[in-house]
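Text of the file my_file-v9.txt, holding compact mmCIF, C-alpha atoms:
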```txt
# COMPACT_ATOMS: atom_id res chain seq x y z
CA MET A 348 0.00 0.00 0.00
CA ALA A 349 1.53 3.28 -1.07
CA TYR A 350 1.65 6.44 1.00
CA GLN A 351 0.85 4.64 4.26
CA GLY A 352 3.25 5.73 6.93
CA VAL A 353 7.01 5.62 6.60
CA ALA A 354 7.06 2.66 4.17
CA GLY A 355 5.04 4.64 1.69
CA LEU A 356 7.81 7.20 1.46
CA PHE A 357 10.26 4.57 0.22
CA PRO A 358 10.13 5.24 -3.57
CA PHE A 359 10.44 8.99 -3.00
CA ALA A 360 13.31 8.41 -0.59
CA VAL A 361 15.05 6.34 -3.29
CA ALA A 362 14.52 9.13 -5.82
CA ALA A 363 15.83 11.78 -3.42
CA TRP A 364 18.84 9.61 -2.49
CA LEU A 365 19.70 8.98 -6.15
CA PHE A 366 19.47 12.72 -6.77
CA VAL A 367 21.79 13.56 -3.89
CA CYS A 368 24.27 10.83 -4.87
CA GLY A 369 24.34 12.00 -8.48
CA LEU A 370 24.84 15.57 -7.34
CA TYR A 371 27.68 14.49 -5.06
CA GLY A 372 29.29 12.66 -7.96
CA VAL A 373 29.07 15.71 -10.20
CA VAL A 374 30.61 17.91 -7.48
CA VAL A 375 33.59 15.70 -6.58
CA SER A 376 34.41 13.95 -9.85
CA ARG A 377 37.82 14.73 -11.29
CA ASN A 378 37.14 13.43 -14.76
CA LEU A 379 34.64 14.77 -17.27
CA ILE A 380 33.56 11.32 -18.38
CA GLN A 381 32.84 10.25 -14.81
CA MET A 382 30.85 13.46 -14.45
CA VAL A 383 28.65 12.42 -17.39
CA GLY A 384 28.00 9.10 -15.67
CA CYS A 385 27.02 10.85 -12.46
CA LEU A 386 24.71 13.08 -14.46
CA ALA A 387 23.04 9.95 -15.79
CA VAL A 388 22.46 8.81 -12.19
CA LEU A 389 20.94 12.23 -11.49
CA GLN A 390 18.56 11.80 -14.41
CA SER A 391 17.56 8.31 -13.35
CA SER A 392 16.26 9.73 -10.07
CA THR A 393 13.60 11.59 -12.04
CA TYR A 394 12.49 8.33 -13.66
CA VAL A 395 11.99 6.75 -10.23
CA LEU A 396 10.08 9.84 -9.10
CA LEU A 397 7.78 9.77 -12.13
CA ALA A 398 7.07 6.08 -11.71
CA ALA A 399 6.33 6.57 -8.01
CA VAL A 400 3.95 9.48 -8.65
CA GLY A 401 1.76 7.47 -10.99
CA TYR A 402 1.46 4.40 -8.78
CA VAL A 403 -2.01 3.26 -7.75
CA PRO A 404 -2.16 0.73 -4.87
CA ASP A 405 -2.80 -2.80 -6.23
CA GLY A 406 -2.89 -1.34 -9.74
CA SER A 407 -2.01 -3.29 -12.87
CA ALA A 408 -0.28 -2.11 -16.03
CA PRO A 409 -2.24 0.15 -18.45
CA VAL A 410 -2.30 -2.54 -21.15
CA PHE A 411 -5.73 -3.99 -21.87
CA LEU A 412 -4.98 -7.07 -23.94
CA GLU A 413 -7.04 -9.02 -21.44
CA VAL A 414 -9.96 -7.72 -19.45
CA VAL A 415 -8.64 -5.89 -16.42
CA HIS A 416 -10.52 -5.82 -13.13
CA GLY A 417 -9.53 -3.35 -10.49
CA PRO A 418 -7.39 -0.23 -10.53
CA VAL A 419 -4.88 0.58 -13.25
CA VAL A 420 -1.68 2.59 -12.94
CA ASP A 421 -1.48 6.07 -14.48
CA PRO A 422 -0.25 5.91 -18.12
CA VAL A 423 0.66 9.57 -18.60
CA VAL A 424 3.78 9.57 -16.40
CA GLN A 425 4.86 6.28 -17.95
CA ALA A 426 4.69 7.89 -21.39
CA LEU A 427 6.76 10.83 -20.12
CA MET A 428 9.37 8.49 -18.64
CA LEU A 429 9.61 6.39 -21.80
CA THR A 430 10.55 9.21 -24.12
CA ASP A 431 12.78 10.72 -21.45
CA VAL A 432 15.05 7.67 -21.15
CA VAL A 433 15.95 7.57 -24.84
CA VAL A 434 16.37 11.33 -25.14
CA GLU A 435 18.62 11.60 -22.08
CA ALA A 436 20.81 8.82 -23.50
CA THR A 437 21.43 10.90 -26.63
CA VAL A 438 22.08 14.00 -24.55
CA ALA A 439 24.66 12.04 -22.54
CA ALA A 440 26.28 11.03 -25.84
CA LEU A 441 26.39 14.72 -26.83
CA LEU A 442 28.12 15.53 -23.53
CA LEU A 443 30.65 12.76 -24.18
CA ALA A 444 31.34 14.28 -27.62
CA LEU A 445 31.97 17.59 -25.83
CA ALA A 446 34.38 15.80 -23.47
CA VAL A 447 36.26 14.36 -26.44
CA GLN A 448 36.64 17.83 -27.95
CA VAL A 449 37.74 19.28 -24.60
CA HIS A 450 40.47 16.67 -24.36
CA THR A 451 41.56 17.32 -27.93
CA HIS A 452 42.00 21.04 -27.33
CA ALA A 453 42.92 21.31 -23.64
CA HIS A 454 44.71 17.94 -23.27
CA THR A 455 43.07 17.38 -19.91
CA LEU A 456 39.79 15.99 -18.59
CA ARG A 457 39.98 17.36 -15.05
CA PRO A 458 37.30 19.99 -14.45
CA ASP A 459 39.42 22.01 -12.01
CA ARG A 460 42.11 22.45 -14.67
CA LEU A 461 39.60 23.81 -17.13
CA THR A 462 38.75 27.00 -15.29
CA ARG A 463 40.51 29.37 -17.61
CA MET A 464 39.17 30.13 -21.06
CA ARG A 465 41.62 29.85 -23.89
CA GLY A 466 41.15 31.90 -27.01
CA MET X 831 37.86 28.02 -1.09
CA THR X 832 39.60 24.72 -0.73
CA ALA X 833 38.21 21.49 -2.04
CA ARG X 834 37.44 20.31 1.48
CA GLY X 835 35.57 23.54 2.21
CA ARG X 836 33.51 23.06 -0.95
CA LEU X 837 32.72 19.51 0.11
CA VAL X 838 31.55 20.61 3.56
CA LEU X 839 29.33 23.28 2.03
CA PHE X 840 27.93 20.78 -0.43
CA ALA X 841 27.24 18.23 2.32
CA ALA X 842 25.25 20.78 4.28
CA GLY X 843 23.24 21.82 1.26
CA ALA X 844 22.64 18.25 0.05
CA GLY X 845 21.53 17.11 3.50
CA ALA X 846 19.04 19.96 3.69
CA LEU X 847 17.82 19.13 0.16
CA PHE X 848 17.32 15.46 1.02
CA LEU X 849 15.32 16.26 4.14
CA ALA X 850 13.25 18.84 2.25
CA LEU X 851 12.44 16.31 -0.47
CA LEU X 852 11.36 13.75 2.13
CA ALA X 853 9.21 16.30 3.91
CA ALA X 854 7.57 17.29 0.62
CA SER X 855 6.90 13.64 -0.26
CA ALA X 856 5.20 13.10 3.09
CA ARG X 857 2.59 15.72 2.17
CA LEU X 858 1.50 13.87 -0.97
CA PRO X 859 -2.13 12.68 -0.89
CA ALA X 860 -2.62 9.39 0.92
CA GLY X 861 -4.00 6.51 -1.13
CA GLY X 862 -1.81 6.89 -4.19
CA TYR X 863 -2.37 8.71 -7.44
CA PRO X 864 -5.49 10.87 -7.11
CA GLY X 865 -5.58 12.79 -10.34
CA PRO X 866 -8.37 12.53 -12.89
CA TYR X 867 -6.42 12.32 -16.14
CA GLY X 868 -4.96 8.86 -15.69
CA THR X 869 -8.21 7.26 -14.60
CA VAL X 870 -10.16 8.96 -17.39
CA LEU X 871 -7.64 7.88 -20.01
CA ASN X 872 -7.63 4.29 -18.79
CA ARG X 873 -11.38 4.22 -19.14
CA VAL X 874 -11.84 5.86 -22.55
CA ALA X 875 -8.65 5.29 -24.53
CA VAL X 876 -9.45 1.74 -25.57
CA LEU X 877 -12.79 2.74 -27.05
CA GLU X 878 -11.77 6.12 -28.43
CA ARG X 879 -8.61 5.02 -30.23
CA HIS X 880 -9.09 1.23 -30.65
CA THR X 881 -5.77 0.58 -28.94
CA THR X 882 -4.97 -1.84 -26.12
CA ASP X 883 -1.75 -0.09 -25.08
CA VAL X 884 -2.79 3.15 -23.42
CA VAL X 885 0.82 4.28 -22.86
CA ALA X 886 1.43 4.33 -26.63
CA ALA X 887 -1.88 6.13 -27.14
CA VAL X 888 -0.75 8.79 -24.67
CA THR X 889 2.69 9.09 -26.26
CA TYR X 890 1.59 9.34 -29.89
CA ASP X 891 -1.96 10.63 -29.70
CA TYR X 892 -3.11 12.38 -26.55
CA ARG X 893 0.33 13.89 -25.88
CA GLY X 894 1.70 13.58 -29.42
CA PHE X 895 2.84 17.19 -29.44
CA ASP X 896 5.21 16.58 -26.52
CA THR X 897 6.67 13.56 -28.31
CA MET X 898 7.40 15.80 -31.28
CA GLY X 899 9.37 18.07 -28.97
CA GLU X 900 11.30 15.12 -27.54
CA GLU X 901 12.15 13.95 -31.05
CA MET X 902 13.50 17.41 -31.80
CA ILE X 903 15.72 17.20 -28.70
CA LEU X 904 17.07 13.89 -29.96
CA PHE X 905 17.69 15.35 -33.42
CA ALA X 906 19.49 18.35 -31.95
CA ALA X 907 21.69 16.14 -29.75
CA VAL X 908 22.61 13.92 -32.71
CA ALA X 909 23.33 16.93 -34.91
CA GLY X 910 25.41 18.52 -32.15
CA ALA X 911 27.50 15.39 -31.59
CA ALA X 912 28.02 14.90 -35.33
CA LEU X 913 29.07 18.55 -35.61
CA LEU X 914 31.50 18.30 -32.70
CA LEU X 915 33.10 15.11 -33.98
CA ARG X 916 33.11 15.88 -37.67
CA ARG X 917 36.14 15.04 -39.68
CA THR X 918 37.48 17.95 -41.68
CA ARG X 919 37.76 17.36 -45.36
CA SER X 920 41.57 17.47 -45.38
CA GLU X 921 41.83 14.59 -42.88
CA TRP X 922 39.37 12.30 -44.58
CA THR X 923 40.86 9.81 -46.97
CA GLY X 924 38.10 7.24 -47.17
CA PRO X 925 36.96 4.28 -45.09
CA GLU X 926 40.13 2.28 -45.71
CA ASP X 927 42.20 4.19 -43.19
CA LEU X 928 39.66 3.50 -40.44
CA ASP X 929 41.45 0.24 -39.68
CA HIS X 930 45.01 0.98 -40.73
CA LEU X 931 46.47 3.57 -38.37
CA PRO X 932 50.28 3.30 -38.21
CA ASP X 933 50.58 3.51 -34.42
CA ARG X 934 47.53 1.45 -33.52
CA SER X 935 46.87 -2.23 -34.03
CA VAL X 936 43.25 -3.25 -33.71
CA ALA X 937 42.94 -7.00 -33.30
CA ASP X 938 40.23 -8.78 -35.19
CA PRO X 939 37.48 -10.14 -32.96
CA SER X 940 37.67 -13.87 -32.41
CA ASP X 941 35.50 -16.27 -34.37
CA ALA X 942 33.31 -17.03 -31.35
CA VAL X 943 32.52 -13.35 -30.85
CA ARG X 944 31.86 -12.79 -34.53
CA VAL X 945 29.50 -15.76 -34.92
CA THR X 946 27.55 -15.01 -31.74
CA LEU X 947 27.08 -11.33 -32.47
CA LEU X 948 26.23 -11.77 -36.14
CA LEU X 949 23.65 -14.44 -35.26
CA LEU X 950 22.01 -11.84 -32.99
CA VAL X 951 21.67 -9.26 -35.78
CA PRO X 952 18.49 -10.72 -37.37
CA VAL X 953 17.04 -11.13 -33.87
CA ALA X 954 17.62 -7.44 -33.18
CA ILE X 955 16.10 -6.36 -36.49
CA THR X 956 13.05 -8.59 -36.11
CA PHE X 957 12.43 -7.58 -32.54
CA GLY X 958 12.86 -3.91 -33.39
CA ALA X 959 10.43 -4.15 -36.30
CA TYR X 960 7.95 -5.98 -34.04
CA LEU X 961 8.19 -3.30 -31.37
CA ALA X 962 7.77 -0.51 -33.92
CA MET X 963 4.63 -1.97 -35.46
CA HIS X 964 2.95 -3.28 -32.29
CA GLY X 965 3.04 -0.16 -30.17
CA GLN X 966 -0.72 0.11 -30.27
CA VAL X 967 -1.31 -3.52 -29.27
CA SER X 968 1.23 -4.43 -26.59
CA PRO X 969 3.93 -2.50 -24.71
CA GLY X 970 6.27 -1.12 -27.32
CA GLY X 971 6.36 1.80 -29.67
CA GLY X 972 8.78 3.93 -31.60
CA PHE X 973 11.39 4.84 -28.99
CA GLN X 974 12.02 1.32 -27.75
CA ALA X 975 11.98 0.00 -31.32
CA GLY X 976 14.53 2.56 -32.48
CA VAL X 977 16.92 1.67 -29.68
CA VAL X 978 16.62 -2.07 -30.39
CA LEU X 979 17.04 -1.49 -34.14
CA VAL X 980 20.26 0.45 -33.67
CA THR X 981 21.83 -2.50 -31.88
CA ALA X 982 21.98 -4.26 -35.27
CA PRO X 983 24.75 -2.05 -36.76
CA LEU X 984 26.34 -1.90 -33.33
CA LEU X 985 26.58 -5.70 -33.20
CA VAL X 986 28.03 -5.70 -36.73
CA TYR X 987 30.67 -3.19 -35.65
CA LEU X 988 31.57 -5.21 -32.55
CA GLY X 989 31.75 -8.48 -34.42
CA THR X 990 33.66 -7.30 -37.46
CA ARG X 991 35.81 -4.35 -38.40
CA ALA X 992 34.86 -0.70 -38.40
CA ARG X 993 34.92 -0.51 -42.18
CA LEU X 994 31.92 -2.85 -42.34
CA LEU X 995 29.91 -0.48 -40.16
CA VAL X 996 30.54 2.43 -42.50
CA GLU X 997 29.71 0.26 -45.50
CA ILE X 998 26.39 -1.05 -44.19
CA ALA X 999 25.32 2.31 -42.78
CA PRO X 1000 26.79 4.95 -45.09
CA GLY X 1001 26.42 8.50 -43.88
CA ALA X 1002 24.03 9.54 -46.62
CA SER X 1003 21.43 6.84 -46.02
CA VAL X 1004 21.58 7.27 -42.23
CA GLU X 1005 20.99 11.01 -42.57
CA LEU X 1006 18.21 10.31 -45.04
CA GLY X 1007 16.58 7.88 -42.62
CA GLU X 1008 16.70 10.33 -39.74
CA GLY X 1009 15.27 13.13 -41.84
CA ALA X 1010 12.58 10.85 -43.21
CA GLY X 1011 11.57 9.82 -39.71
CA ILE X 1012 11.25 13.35 -38.41
CA LEU X 1013 9.62 14.63 -41.58
CA GLY X 1014 7.18 11.70 -41.44
CA TYR X 1015 6.13 12.75 -37.95
CA LEU X 1016 5.70 16.41 -38.89
CA LEU X 1017 3.87 15.67 -42.15
CA THR X 1018 1.49 13.25 -40.41
CA GLY X 1019 0.65 16.13 -38.10
CA VAL X 1020 0.08 18.47 -41.05
CA ALA X 1021 -2.09 15.84 -42.73
CA GLY X 1022 -4.13 15.69 -39.56
CA LEU X 1023 -4.45 19.47 -39.76
CA VAL X 1024 -5.64 19.29 -43.36
CA VAL X 1025 -8.06 16.38 -42.94
CA GLY X 1026 -9.32 16.73 -39.40
CA GLY X 1027 -8.79 20.37 -38.58
CA ASP X 1028 -6.29 19.83 -35.73
CA TYR X 1029 -2.53 19.33 -35.91
CA LEU X 1030 -1.67 15.65 -35.18
CA ASP X 1031 -5.35 14.73 -35.40
CA ASN X 1032 -5.91 10.97 -35.55
CA PHE X 1033 -7.50 10.87 -38.99
CA LEU X 1034 -6.53 7.42 -40.29
CA PRO X 1035 -9.10 4.59 -39.96
CA LEU X 1036 -9.14 3.21 -36.44
CA GLY X 1037 -9.56 -0.42 -37.45
CA ARG X 1038 -10.38 -3.31 -35.15
CA LEU X 1039 -9.03 -3.58 -31.63
CA ALA X 1040 -5.71 -5.46 -31.25
CA ASP X 1041 -5.06 -5.59 -35.00
CA VAL X 1042 -1.65 -4.46 -36.21
CA PHE X 1043 -3.20 -1.95 -38.60
CA SER X 1044 -5.38 -0.21 -36.07
CA ALA X 1045 -5.44 2.92 -33.96
CA GLY X 1046 -4.98 5.28 -36.90
CA THR X 1047 -1.98 7.55 -36.85
CA ILE X 1048 -0.50 5.91 -33.73
CA LEU X 1049 1.05 3.21 -35.94
CA ALA X 1050 2.30 5.75 -38.49
CA LEU X 1051 3.86 7.99 -35.84
CA SER X 1052 5.38 5.02 -34.02
CA VAL X 1053 7.09 3.82 -37.21
CA ALA X 1054 8.31 7.35 -37.99
CA VAL X 1055 9.74 7.76 -34.50
CA SER X 1056 11.47 4.35 -34.63
CA LEU X 1057 13.12 5.32 -37.93
CA ALA X 1058 14.25 8.68 -36.58
CA VAL X 1059 15.59 7.24 -33.30
CA ALA X 1060 17.39 4.31 -34.99
CA ALA X 1061 18.97 6.50 -37.66
CA GLY X 1062 19.87 9.20 -35.15
CA LEU X 1063 21.58 6.79 -32.77
CA ALA X 1064 23.36 5.12 -35.72
CA GLN X 1065 24.61 8.55 -36.79
CA MET X 1066 25.89 9.12 -33.27
CA LEU X 1067 27.61 5.72 -33.27
CA ILE X 1068 29.29 6.38 -36.62
CA SER X 1069 30.48 9.81 -35.45
CA PHE X 1070 32.14 8.28 -32.39
CA VAL X 1071 33.67 5.36 -34.32
CA GLU X 1072 35.15 7.64 -36.95
CA GLU X 1073 36.47 9.94 -34.26
CA THR X 1074 38.20 7.27 -32.18
CA LEU X 1075 40.08 5.99 -35.21
CA ARG X 1076 41.16 9.43 -36.32
CA GLN X 1077 44.88 10.14 -36.33
CA GLU X 1078 46.12 11.71 -33.08
CA GLY X 1079 47.67 15.17 -33.22
```
Turn this file's structure into structure tokens for me.
Amino acid sequence: MAYQGVAGLFPFAVAAWLFVCGLYGVVVSRNLIQMVGCLAVLQSSTYVLLAAVGYVPDGSAPVFLEVVHGPVVDPVVQALMLTDVVVEATVAALLLALAVQVHTHAHTLRPDRLTRMRG
Amino acid sequence: MTARGRLVLFAAGAGALFLALLAASARLPAGGYPGPYGTVLNRVAVLERHTTDVVAAVTYDYRGFDTMGEEMILFAAVAGAALLLRRTRSEWTGPEDLDHLPDRSVADPSDAVRVTLLLLVPVAITFGAYLAMHGQVSPGGGFQAGVVLVTAPLLVYLGTRARLLVEIAPGASVELGEGAGILGYLLTGVAGLVVGGDYLDNFLPLGRLADVFSAGTILALSVAVSLAVAAGLAQMLISFVEETLRQEG
């Protein structure tokens, strides 16, 4: 049963914890590629949050191939999550392409060495 | 500020953020999802659109405009990565030099790897085509299908040499596929505008429930999205492969 007492907070606690861990990774990482991975962890927290928001207690999937009795989970947030996962993967690939170009021009991947702009 | 000072400041802020998120979650309505839209859609989507997969109906019909925006994000990311990793004309001497760098020896994959991966290629293509065309019947749709379809050239690249990847997915046809996918989505919307009066209106015949050719434009948009996603990710893959084998310095 969702939202009953402390146990009901569990999916939101997981989402918040993933967010904080991803943020910590972005702050302390000393390599741009590791930073992209931590950003992916950050994004995955939003997927958990979206899935948790749409949950209906004892609900089944919103697919009606057979007759469904009882409550059904919300389909709108699932649709949002679905497109999000693929799009964020391509955005992560774009960030990795940026990291490749940074290394080509600055010869380093450490964020703290990249503070000065070069003409 | 030293690195340790930054870390202490971050820990304080992150701890406060975590507690604030938990406190906000505790105020959510008890008893789960309360909102009307999900329950209404679950009740009417099957009859209104003749589809058994309500998630695909939401993605390509009820919220089809948002999916168009997401496809544009994907297109922009692919174009940006291809632009960042492009090979200038003076460096490009053809696909032969992809495997023959003087200071780099790329070993051929073993026979076991090659056979296993190449046997999986028709599986990937069939499964991707199934997902693309059955979005309106069972869980599936364009985005998942595009990702599964792009594993086919990826498996070919892993099982053989890089030159084969460029030969089976030449830049021109991949760009054509991506453009065709996105243009297909936009033109289906315009056709809906012309025929039904609303952009992305579901104007094609709705057919019988759980048929492959049912649910009107949901099938057409799902196929268009799968083409755009597969071609876009293949373009990204080719950009990275060509870049890693470029001469250093």
Near chain X, 9 Å: chain A residue rows, closest pairs, all atoms listed in the file, as a Markdown table:
```
| residue | atom | partner | partner_atom | distance |
| --- | --- | --- | --- | --- |
| A:Met348 | CA | X:Gly861 | CA | 7.7 |
| A:Ala349 | CA | X:Gly862 | CA | 5.8 |
| A:Tyr350 | CA | X:Ala860 | CA | 5.2 |
| A:Gln351 | CA | X:Ala860 | CA | 6.8 |
| A:Gly352 | CA | X:Ala856 | CA | 8.5 |
| A:Val353 | CA | X:Ala856 | CA | 8.5 |
| A:Gly355 | CA | X:Ala856 | CA | 8.6 |
| A:Leu356 | CA | X:Ala856 | CA | 6.7 |
| A:Phe359 | CA | X:Ser855 | CA | 6.5 |
| A:Ala360 | CA | X:Leu852 | CA | 6.3 |
| A:Ala363 | CA | X:Phe848 | CA | 6.0 |
| A:Trp364 | CA | X:Phe848 | CA | 7.0 |
| A:Phe366 | CA | X:Phe848 | CA | 8.5 |
| A:Val367 | CA | X:Ala844 | CA | 6.2 |
| A:Leu370 | CA | X:Ala844 | CA | 8.2 |
| A:Tyr371 | CA | X:Phe840 | CA | 7.8 |
| A:Val374 | CA | X:Leu837 | CA | 8.0 |
| A:Val375 | CA | X:Leu837 | CA | 7.7 |
| A:Ala399 | CA | X:Tyr863 | CA | 9.0 |
| A:Val400 | CA | X:Tyr863 | CA | 6.5 |
| A:Gly401 | CA | X:Tyr863 | CA | 5.6 |
| A:Tyr402 | CA | X:Tyr863 | CA | 5.9 |
| A:Val403 | CA | X:Gly862 | CA | 5.1 |
| A:Pro404 | CA | X:Gly862 | CA | 6.2 |
| A:Pro409 | CA | X:Val884 | CA | 5.8 |
| A:Val410 | CA | X:Asp883 | CA | 4.7 |
| A:Phe411 | CA | X:Thr882 | CA | 4.8 |
| A:Leu412 | CA | X:Thr882 | CA | 5.7 |
| A:Glu413 | CA | X:Thr882 | CA | 8.8 |
| A:Pro418 | CA | X:Thr869 | CA | 8.6 |
| A:Val419 | CA | X:Asn872 | CA | 7.2 |
| A:Val420 | CA | X:Gly868 | CA | 7.6 |
| A:Asp421 | CA | X:Gly868 | CA | 4.6 |
| A:Pro422 | CA | X:Val885 | CA | 5.1 |
| A:Val423 | CA | X:Val888 | CA | 6.3 |
| A:Val424 | CA | X:Gly868 | CA | 8.8 |
| A:Gln425 | CA | X:Val885 | CA | 6.7 |
| A:Ala426 | CA | X:Thr889 | CA | 5.4 |
| A:Leu427 | CA | X:Thr889 | CA | 7.6 |
| A:Leu429 | CA | X:Phe973 | CA | 7.6 |
| A:Thr430 | CA | X:Phe973 | CA | 6.6 |
| A:Asp431 | CA | X:Glu900 | CA | 7.7 |
| A:Val433 | CA | X:Phe973 | CA | 6.7 |
| A:Val434 | CA | X:Leu904 | CA | 5.5 |
| A:Glu435 | CA | X:Leu904 | CA | 8.4 |
| A:Thr437 | CA | X:Ala907 | CA | 6.1 |
| A:Val438 | CA | X:Ala907 | CA | 5.6 |
| A:Ala439 | CA | X:Ala907 | CA | 8.8 |
| A:Ala440 | CA | X:Ala911 | CA | 7.3 |
| A:Leu441 | CA | X:Ala911 | CA | 4.9 |
| A:Leu442 | CA | X:Ala911 | CA | 8.1 |
| A:Leu443 | CA | X:Ala911 | CA | 8.5 |
| A:Ala444 | CA | X:Ala911 | CA | 5.6 |
| A:Leu445 | CA | X:Leu914 | CA | 6.9 |
| A:Val447 | CA | X:Leu915 | CA | 8.2 |
| A:Gln448 | CA | X:Leu914 | CA | 7.0 |
| A:Thr451 | CA | X:Gly1079 | CA | 8.4 |
```
Write out the residues from the selection above, keeping C-alpha atoms, as an mmCIF file, in the coordinates of the input.
```cif
data_model
loop_
_atom_site.group_PDB
_atom_site.id
_atom_site.type_symbol
_atom_site.label_atom_id
_atom_site.label_comp_id
_atom_site.auth_asym_id
_atom_site.auth_seq_id
_atom_site.Cartn_x
_atom_site.Cartn_y
_atom_site.Cartn_z
ATOM 1 C CA MET A 348 0.000 0.000 0.000
ATOM 2 C CA ALA A 349 1.530 3.280 -1.070
ATOM 3 C CA TYR A 350 1.650 6.440 1.000
ATOM 4 C CA GLN A 351 0.850 4.640 4.260
ATOM 5 C CA GLY A 352 3.250 5.730 6.930
ATOM 6 C CA VAL A 353 7.010 5.620 6.600
ATOM 7 C CA GLY A 355 5.040 4.640 1.690
ATOM 8 C CA LEU A 356 7.810 7.200 1.460
ATOM 9 C CA PHE A 359 10.440 8.990 -3.000
ATOM 10 C CA ALA A 360 13.310 8.410 -0.590
ATOM 11 C CA ALA A 363 15.830 11.780 -3.420
ATOM 12 C CA TRP A 364 18.840 9.610 -2.490
ATOM 13 C CA PHE A 366 19.470 12.720 -6.770
ATOM 14 C CA VAL A 367 21.790 13.560 -3.890
ATOM 15 C CA LEU A 370 24.840 15.570 -7.340
ATOM 16 C CA TYR A 371 27.680 14.490 -5.060
ATOM 17 C CA VAL A 374 30.610 17.910 -7.480
ATOM 18 C CA VAL A 375 33.590 15.700 -6.580
ATOM 19 C CA ALA A 399 6.330 6.570 -8.010
ATOM 20 C CA VAL A 400 3.950 9.480 -8.650
ATOM 21 C CA GLY A 401 1.760 7.470 -10.990
ATOM 22 C CA TYR A 402 1.460 4.400 -8.780
ATOM 23 C CA VAL A 403 -2.010 3.260 -7.750
ATOM 24 C CA PRO A 404 -2.160 0.730 -4.870
ATOM 25 C CA PRO A 409 -2.240 0.150 -18.450
ATOM 26 C CA VAL A 410 -2.300 -2.540 -21.150
ATOM 27 C CA PHE A 411 -5.730 -3.990 -21.870
ATOM 28 C CA LEU A 412 -4.980 -7.070 -23.940
ATOM 29 C CA GLU A 413 -7.040 -9.020 -21.440
ATOM 30 C CA PRO A 418 -7.390 -0.230 -10.530
ATOM 31 C CA VAL A 419 -4.880 0.580 -13.250
ATOM 32 C CA VAL A 420 -1.680 2.590 -12.940
ATOM 33 C CA ASP A 421 -1.480 6.070 -14.480
ATOM 34 C CA PRO A 422 -0.250 5.910 -18.120
ATOM 35 C CA VAL A 423 0.660 9.570 -18.600
ATOM 36 C CA VAL A 424 3.780 9.570 -16.400
ATOM 37 C CA GLN A 425 4.860 6.280 -17.950
ATOM 38 C CA ALA A 426 4.690 7.890 -21.390
ATOM 39 C CA LEU A 427 6.760 10.830 -20.120
ATOM 40 C CA LEU A 429 9.610 6.390 -21.800
ATOM 41 C CA THR A 430 10.550 9.210 -24.120
ATOM 42 C CA ASP A 431 12.780 10.720 -21.450
ATOM 43 C CA VAL A 433 15.950 7.570 -24.840
ATOM 44 C CA VAL A 434 16.370 11.330 -25.140
ATOM 45 C CA GLU A 435 18.620 11.600 -22.080
ATOM 46 C CA THR A 437 21.430 10.900 -26.630
ATOM 47 C CA VAL A 438 22.080 14.000 -24.550
ATOM 48 C CA ALA A 439 24.660 12.040 -22.540
ATOM 49 C CA ALA A 440 26.280 11.030 -25.840
ATOM 50 C CA LEU A 441 26.390 14.720 -26.830
ATOM 51 C CA LEU A 442 28.120 15.530 -23.530
ATOM 52 C CA LEU A 443 30.650 12.760 -24.180
ATOM 53 C CA ALA A 444 31.340 14.280 -27.620
ATOM 54 C CA LEU A 445 31.970 17.590 -25.830
ATOM 55 C CA VAL A 447 36.260 14.360 -26.440
ATOM 56 C CA GLN A 448 36.640 17.830 -27.950
ATOM 57 C CA THR A 451 41.560 17.320 -27.930
#
```
Polymer residues at most 7 Å from Leu1034 in chain X, all atoms listed in the file, same-chain spacing of 2 or more positions, as a list in words: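 Residues near the query, excluding close chain neighbours: Asn1032, Leu1036, Gly1046 and Thr1047 of chain X.
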Coordinates-based distance that separates CA of Met898 in chain X from CA of Glu1008 in chain X (Å, one decimal):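 Computed distance, CA of Glu1008 in chain X to CA of Met898 in chain X, equals 13.7 Å.
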Atomic separation - CA of Leu984 in chain X relative to CA of Val1071 in chain X, Å: 10.4 Å
Among the residues X:Leu1049, X:Val996, X:Val1042, X:Ala875, the one that comes closest to Thr1018 in chain X [using all atoms listed in the file]: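 The answer is X:Leu1049, which sits nearest to Thr1018 in chain X.
Separating CA of Asp1028 in chain X from CA of Ala1058 in chain X is a distance of 23.4 Å.
Among the candidates X:Leu994, X:Ala1060, X:Ala999, X:Val943, the one nearest to Val980 in chain X when counting all atoms listed in the file is X:Ala1060.
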Selection as a PyMOL selection string: residues within 12 Å of (19.8, -8.4, -36.2), counting all atoms listed in the file: chain X and resi 946-959+978-986
Let me have the centre and edge lengths of the axis-aligned box enclosing all listed atoms of range 1021-1028 of chain X with 8 Å padding on every side, in Å to one decimal, as AutoDock Vina command-line options.
```
--center_x -5.7 --center_y 18.0 --center_z -39.5 --size_x 23.2 --size_y 20.7 --size_z 23.6
```
Could you list, as a compact mmCIF listing (two decimals) with C-alpha atoms, keeping the file's coordinate frame, every residue within 10 Å of Arg377 in chain A, counting all atoms listed in the file and ignoring same-chain residues fewer than 6 positions away?
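Result file follows (selection.txt):
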```txt
# COMPACT_ATOMS: atom_id res chain seq x y z
CA LEU A 456 39.79 15.99 -18.59
CA ARG A 457 39.98 17.36 -15.05
CA PRO A 458 37.30 19.99 -14.45
CA ASP A 459 39.42 22.01 -12.01
CA ARG A 460 42.11 22.45 -14.67
```
Pick from X:Ile1048, X:Ala937, X:Thr832, X:Met963, whichever lies nearest to Tyr1015 in chain X using all atoms listed in the file: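 That would be X:Ile1048, the residue with the smallest distance to Tyr1015 in chain X.
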